[in-house]
Amino acid sequence: MDFQLSEEHLMIRQAARDFAQTELLPGVIERDEHQKFPTEQIKKMGELGFLGMMVDPKYGGSGLDTMSYVLAMEEISKVDASASVVMSVNNSLVCWGIEKFGSEEQKQKYLTKLATGEQIGAFCLSEPEAGSDATSQRTTAEDKGDYYLLNGTKNWITNGSTASVYLVIAQTNPELGHKGINCLIVEKGMEGFQVGLKENKLGIRGSDTHSLMFTDVKVPKENRIGEDGFGFKFAMQTLSGGRIGIASQALGIASGAYELALKYSQERKAFGKTISEHQAIAFKLADMATNIDAARHLCMHAAWLKDQKQNFDKEGAMAKLFASKTAMDVTVEAVQIHGGYGFVKEYHVERLMRDAKITQIYEGTSEIQKIVISRSVLKG
Ligand code: CAA
Ligand code: FAD
């Protein structure tokens with residue numbers, strides 16, 4: 001393993017850090033409070049190449065490696081996890097899924113706009129009755145010859161109202177179980193496609209999460225990704241990479257809260273000295289720093305394996321499992337270190353604590369990551 005960062009990696013990290021400080025930090029509290037999507041900021045992220053980081057430049061992407069993506073995700077997530085989930089879904093689920101498995105026509109038609117941020121994508125697997133149990137798809141894509149007839153409801157879809165392109169997983173042949181599932185590219189505006197109400201959430205409140213309804217939507221056959229019945233494997237393989245993105249988001253939330261807590265602990269005085277000079281606080285900082293470093297190494301290891309074109313399913317799940325727990329633990333302690341100030345919005349740590357929780361739920365809950373990891377270790 002070589003985690004030595006190149007000049008290019010350092011430049012990307014600095015660019016993401018600068019962008020987060022100058023463009024995302026102002027207004028982040030207000031966007032969270034009013035559930036306001038970061039429209040202008042996402043547009044700029046597209047212009048800077050953060051929305052199609054790993055996409056081949058011939059399709060409008062930045063042509064970077066997964067390590068660069070981890071570095072940028074950490075920096076953006078330190079400041080605004082609502083913006084980073086948009087970035088994560090667009091990069092590692094939608095763009096990666098189309099680039100890896102889509103046809104040349106699909107890449108020409110959809111990927112170029114998605115990679116530049118001209119359009120935003122959404123990944124639609126979860127349903128009201130199929131979350132962790134993802135093979136139990138109720139949404140149907142009936143084969144009608146030259147098109148599929150799509151019917152059903154998707155739940156909790158990130159970028160639900162802001163996306164233009166939706167990767168929708170649906171059951172075509174129920175008798176074949178997961179082997180009868182397909183992934184279809186659905187465009188906003190297709191007749192019978194309706195966006196439901198926006199969810200009012202605990203965290204990542206600046207992101208837009210919606211249910212989606214499909215009623216007799218005619219999706220052309222050429223919008224299917226891969227062979228007939230490839231949809232579930234498509235979802236699983238795409239999510240494996242997506243989990244590195246969410247692990248990096250969790251890492252960023254943790255390191256953002258840690259940096260704020262470290263600074264505050266060296267300024268705030270109690271009993272005649274800074275609170276960092278009290279060992280109880282210093283030890284909290286030691287635990288936070290250790291877990292963040294461990295989480296960063298897991299993220300980088302998974303990214304490195306992916307860049308080496310080796311299997312990273314287990315390592316991506318480990319990174320997500322550990323980094324999301326670290327995000328929860330570190331943000332709770334960051335609020336504690338801030339005392340009463342940690343409980344109010346101006347100090348940012350309460351928001352980071354609320355944002356941290358989702359990283360243990362989406363793209364596979366912590367329990368699901370343990371299923372993936374345990375199956376892998378038991379297989380040997
Ligand atoms: N790559 C390729 N194929 C895979 C795979 C992978 N990583 N994981 C599983 N498969 C294949 C299996 O090999 C199997 O195929 P075969 O029968 O041909 O061997 C098929 O998929 C079914 O797999 P399982 O038998 O393991 O299926 P299962 O019902 O036991 O479920 C699971 C496995 C891992 C629990 C899966 O259902 C899962 O990942 N659930 C969580 C769903 C999830 O992560 N949702 C996230 C939605 S997106 C999102 O959340 C975005 C966001 O918030 C921002
Ligand atoms: P359930 O699957 O019902 O799980 C409930 C509890 O049971 C969990 O603790 C779970 O871990 C546990 N559990 C379930 N099965 C097992 C088992 N076999 N063993 C042990 N424990 C188990 N989905 C998308 O497709 N696209 C998106 O863009 C998207 N964005 C999201 C954004 C937000 C803000 C949220 C909240 C969710 C989003 N999701 C998205 C959905 C998310 O992926 C699911 O919520 C998640 O996979 C869990 O599914 P569920 O909510 O149905 O919970």
# chains A, B, ... in the order shown; residues from 1 in each chain; ligands from 1

$ residues_around --residues "A:Ser126" --least-positions-apart "3" --cutoff "12 Å" --atoms "only C-alpha atoms" --output "number ranges by chain"
A: 122-123, 129-139, 152-158, 167-170, 209-212, 235, 362-364

$ residues_around --residues "stretch 278-290 of chain A" --least-positions-apart "3" --cutoff "6 Å" --atoms "only C-alpha atoms" --output "list in words"
Ile275, Asp293 and Val330 of chain A

$ write_last_selection --atoms "C-alpha atoms" --output "compact mmCIF listing (two decimals), in the first residue's frame"
# COMPACT_ATOMS: atom_id res chain seq x y z
CA ILE A 275 -9.88 23.14 29.36
CA ASP A 293 -6.67 8.55 11.90
CA VAL A 330 -16.44 12.32 17.85

$ residues_around --residues "A:Gly252" --least-positions-apart "4" --cutoff "6 Å" --atoms "only C-alpha atoms" --output "list in words"
Glu74, Ser77, Lys78 and Gly256 of chain A

$ write_last_selection --atoms "C-alpha atoms" --output "mmCIF file, in the first residue's frame"
data_model
loop_
_atom_site.group_PDB
_atom_site.id
_atom_site.type_symbol
_atom_site.label_atom_id
_atom_site.label_comp_id
_atom_site.auth_asym_id
_atom_site.auth_seq_id
_atom_site.Cartn_x
_atom_site.Cartn_y
_atom_site.Cartn_z
ATOM 1 C CA GLU A 74 -13.370 14.778 3.597
ATOM 2 C CA SER A 77 -17.859 17.197 4.560
ATOM 3 C CA LYS A 78 -15.919 18.974 7.326
ATOM 4 C CA GLY A 256 -14.510 18.917 11.150
#

$ residues_around --residues "A:Glu267" --least-positions-apart "6" --cutoff "12 Å" --atoms "only C-alpha atoms" --output "VMD selection string"
chain A and resid 260 to 261 273 to 277 337 to 338

$ select_by_dssp --residues "stretch 18-63 of chain A" --states "helix (DSSP H, G or I)" --output "CSV table (one decimal) with C-alpha atoms, in the first residue's frame"
chain,number,residue,atom,x,y,z
A,18,ASP,CA,-10.6,26.5,0.1
A,19,PHE,CA,-13.9,26.0,-1.6
A,20,ALA,CA,-15.5,24.7,1.6
A,21,GLN,CA,-14.2,27.6,3.6
A,22,THR,CA,-15.1,30.4,1.1
A,23,GLU,CA,-18.2,29.0,-0.5
A,24,LEU,CA,-19.8,26.5,1.8
A,28,VAL,CA,-24.3,26.7,6.1
A,29,ILE,CA,-26.2,27.3,9.3
A,30,GLU,CA,-29.1,29.1,7.5
A,31,ARG,CA,-29.3,26.4,4.9
A,32,ASP,CA,-29.6,23.7,7.6
A,33,GLU,CA,-32.2,25.7,9.5
A,34,HIS,CA,-34.4,26.4,6.5
A,39,THR,CA,-28.0,25.4,-5.5
A,40,GLU,CA,-25.4,28.0,-6.2
A,41,GLN,CA,-22.7,26.1,-4.3
A,42,ILE,CA,-23.4,22.8,-6.2
A,43,LYS,CA,-23.2,24.7,-9.5
A,44,LYS,CA,-19.7,26.0,-8.5
A,45,MET,CA,-18.7,22.5,-7.4
A,46,GLY,CA,-19.6,21.3,-10.9
A,47,GLU,CA,-17.6,24.1,-12.5
A,57,PRO,CA,-12.1,13.7,-19.3
A,58,LYS,CA,-13.5,12.5,-22.7
A,59,TYR,CA,-17.0,12.4,-20.9

$ residues_around --residues "A:Val332" --least-positions-apart "2" --cutoff "12 Å" --atoms "only C-alpha atoms" --output "VMD selection string"
chain A and resid 253 to 254 257 to 258 261 284 288 325 to 330 334 to 339 342 to 343 349 to 357

$ residues_around --residues "A:Val55" --least-positions-apart "6" --cutoff "10 Å" --atoms "only C-alpha atoms" --output "number ranges by chain"
A: 49, 61-65, 91-92, 95-96, 98-100, 111-112, 114-116

$ write_last_selection --atoms "N, CA and C atoms" --output "mmCIF file, in the first residue's frame"
data_model
loop_
_atom_site.group_PDB
_atom_site.id
_atom_site.type_symbol
_atom_site.label_atom_id
_atom_site.label_comp_id
_atom_site.auth_asym_id
_atom_site.auth_seq_id
_atom_site.Cartn_x
_atom_site.Cartn_y
_atom_site.Cartn_z
ATOM 1 N N GLY A 49 -15.144 20.848 -11.073
ATOM 2 C CA GLY A 49 -14.841 19.437 -11.372
ATOM 3 C C GLY A 49 -15.076 18.485 -10.217
ATOM 4 N N GLY A 61 -15.334 14.590 -17.355
ATOM 5 C CA GLY A 61 -14.921 14.447 -15.950
ATOM 6 C C GLY A 61 -13.522 14.964 -15.676
ATOM 7 N N SER A 62 -13.087 14.814 -14.413
ATOM 8 C CA SER A 62 -11.767 15.306 -14.017
ATOM 9 C C SER A 62 -10.695 14.237 -14.159
ATOM 10 N N GLY A 63 -11.091 12.977 -14.382
ATOM 11 C CA GLY A 63 -10.117 11.902 -14.621
ATOM 12 C C GLY A 63 -9.200 11.610 -13.447
ATOM 13 N N LEU A 64 -9.703 11.798 -12.229
ATOM 14 C CA LEU A 64 -8.856 11.605 -11.043
ATOM 15 C C LEU A 64 -9.075 10.224 -10.433
ATOM 16 N N ASP A 65 -8.233 9.882 -9.451
ATOM 17 C CA ASP A 65 -8.380 8.577 -8.810
ATOM 18 C C ASP A 65 -9.301 8.664 -7.581
ATOM 19 N N ASN A 91 -21.143 11.478 -7.896
ATOM 20 C CA ASN A 91 -19.872 10.884 -8.316
ATOM 21 C C ASN A 91 -19.911 9.367 -8.305
ATOM 22 N N SER A 92 -20.143 8.813 -7.087
ATOM 23 C CA SER A 92 -19.835 7.385 -6.952
ATOM 24 C C SER A 92 -21.009 6.480 -7.244
ATOM 25 N N CYS A 95 -22.544 8.741 -11.695
ATOM 26 C CA CYS A 95 -21.515 8.806 -12.761
ATOM 27 C C CYS A 95 -20.755 7.489 -12.875
ATOM 28 N N TRP A 96 -20.325 6.962 -11.735
ATOM 29 C CA TRP A 96 -19.529 5.721 -11.786
ATOM 30 C C TRP A 96 -20.351 4.591 -12.378
ATOM 31 N N ILE A 98 -22.885 4.687 -14.487
ATOM 32 C CA ILE A 98 -23.082 4.814 -15.945
ATOM 33 C C ILE A 98 -21.756 4.587 -16.681
ATOM 34 N N GLU A 99 -20.675 5.160 -16.146
ATOM 35 C CA GLU A 99 -19.389 5.013 -16.854
ATOM 36 C C GLU A 99 -18.940 3.553 -16.887
ATOM 37 N N LYS A 100 -19.129 2.849 -15.768
ATOM 38 C CA LYS A 100 -18.632 1.471 -15.674
ATOM 39 C C LYS A 100 -19.521 0.505 -16.479
ATOM 40 N N LEU A 111 -23.832 10.958 -19.281
ATOM 41 C CA LEU A 111 -22.670 11.108 -18.400
ATOM 42 C C LEU A 111 -22.012 12.479 -18.520
ATOM 43 N N THR A 112 -21.887 12.992 -19.736
ATOM 44 C CA THR A 112 -21.185 14.257 -19.928
ATOM 45 C C THR A 112 -21.832 15.376 -19.112
ATOM 46 N N LEU A 114 -23.772 14.993 -16.489
ATOM 47 C CA LEU A 114 -23.696 14.687 -15.048
ATOM 48 C C LEU A 114 -22.301 14.974 -14.501
ATOM 49 N N ALA A 115 -21.283 14.658 -15.293
ATOM 50 C CA ALA A 115 -19.903 14.828 -14.818
ATOM 51 C C ALA A 115 -19.529 16.295 -14.659
ATOM 52 N N THR A 116 -20.134 17.157 -15.464
ATOM 53 C CA THR A 116 -19.816 18.579 -15.366
ATOM 54 C C THR A 116 -20.748 19.300 -14.387
#

$ closest_residue --among "A:Ile358, A:Ala295, A:Ile373, A:Met300" --to "A:Met1" --atoms "only C-alpha atoms"
A:Met300
